[in-house]
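Written below as structure tokens is the structure these notes are about.
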Amino acid sequence: MTRQMNSFEKESLKAFNNQLEISFGLTAEEVSSKDFMGFIWFEIFKNGKPTGNFVTAKDANHAIKIYKEFY
């Protein structure tokens, strides 16, 4: 028999997964403001360290998606 997680456990699991993503995944940090077309420059980090790559995108998730397509 399996029991359901309570809301505290669910929130703790979300926070843990978020920390794992920050520590071991790709993240993008904004390095400029929006240009006239609505795009922003982002620096890409892998495992918390800079990759040396910059991407122009609409938001951080879009920047990571673009990075994954090229690298």
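Simple scheme: letters A, B, ... for chains in structure tokens order, numbers from 1 for residues in each chain, numbers from 1 for ligands in the order shown.
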Going by DSSP on the backbone, which bits of chain A are helix (DSSP H, G or I)? Write them as a VMD selection string, please.
chain A and resid 7 to 24 60 to 70
Go ahead and save the picked residues with C-alpha atoms, as a compact mmCIF listing (two decimals), in the first residue's frame.
# COMPACT_ATOMS: atom_id res chain seq x y z
CA SER A 7 1.85 19.30 1.14
CA PHE A 8 4.96 19.84 3.30
CA GLU A 9 6.68 16.84 1.71
CA LYS A 10 5.70 18.00 -1.79
CA GLU A 11 7.13 21.48 -1.19
CA SER A 12 10.32 20.02 0.27
CA LEU A 13 10.73 17.79 -2.78
CA LYS A 14 10.19 20.77 -5.10
CA ALA A 15 12.82 22.80 -3.23
CA PHE A 16 15.26 19.88 -3.34
CA ASN A 17 14.76 19.40 -7.10
CA ASN A 18 15.23 23.13 -7.64
CA GLN A 19 18.50 23.05 -5.68
CA LEU A 20 19.69 20.08 -7.74
CA GLU A 21 18.91 21.95 -10.95
CA ILE A 22 20.85 24.97 -9.74
CA SER A 23 23.79 22.87 -8.55
CA PHE A 24 24.06 20.33 -11.35
CA ALA A 60 16.06 32.14 -19.10
CA ASN A 61 14.24 28.95 -20.12
CA HIS A 62 14.37 29.99 -23.77
CA ALA A 63 18.13 30.68 -23.43
CA ILE A 64 18.76 27.21 -22.00
CA LYS A 65 16.73 25.63 -24.78
CA ILE A 66 18.75 27.50 -27.41
CA TYR A 67 22.03 26.50 -25.71
CA LYS A 68 21.01 22.83 -25.70
CA GLU A 69 20.26 22.97 -29.43
CA PHE A 70 23.75 24.20 -30.30
Write out as a CSV table (one decimal) with N, CA and C atoms, in the first residue's frame the residues lying within 9 Å of A:Gly52, counting only C-alpha atoms and excluding same-chain residues fewer than 3 positions away.
chain,number,residue,atom,x,y,z
A,43,GLU,N,24.0,34.7,-19.8
A,43,GLU,CA,25.2,33.9,-19.7
A,43,GLU,C,24.8,32.5,-19.2
A,44,ILE,N,25.3,31.5,-19.9
A,44,ILE,CA,24.9,30.1,-19.5
A,44,ILE,C,25.9,29.5,-18.5
A,45,PHE,N,25.4,28.9,-17.5
A,45,PHE,CA,26.2,28.2,-16.5
A,45,PHE,C,25.9,26.8,-16.4
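Here atom CA of A:Ile40 is placed at a distance of 14.6 Å from atom CA of A:Thr27.
When atom CA of A:Lys58 is paired with atom CA of A:Gly38, their separation reads 6.7 Å.
The space separating atom CA of A:Gly25 from atom CA of A:Gln4 comes to 28.2 Å.
For the residues A:Leu26, A:Asp35, A:Gly48, A:Trp41, ranking by smallest atom-to-atom distance to A:Tyr71 using only C-alpha atoms places A:Leu26 first.
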Using DSSP secondary structure from the backbone, list all strand (DSSP E or B) positions within chain A, as a VMD selection string.
chain A and resid 26 to 30 40 to 46 49 to 57
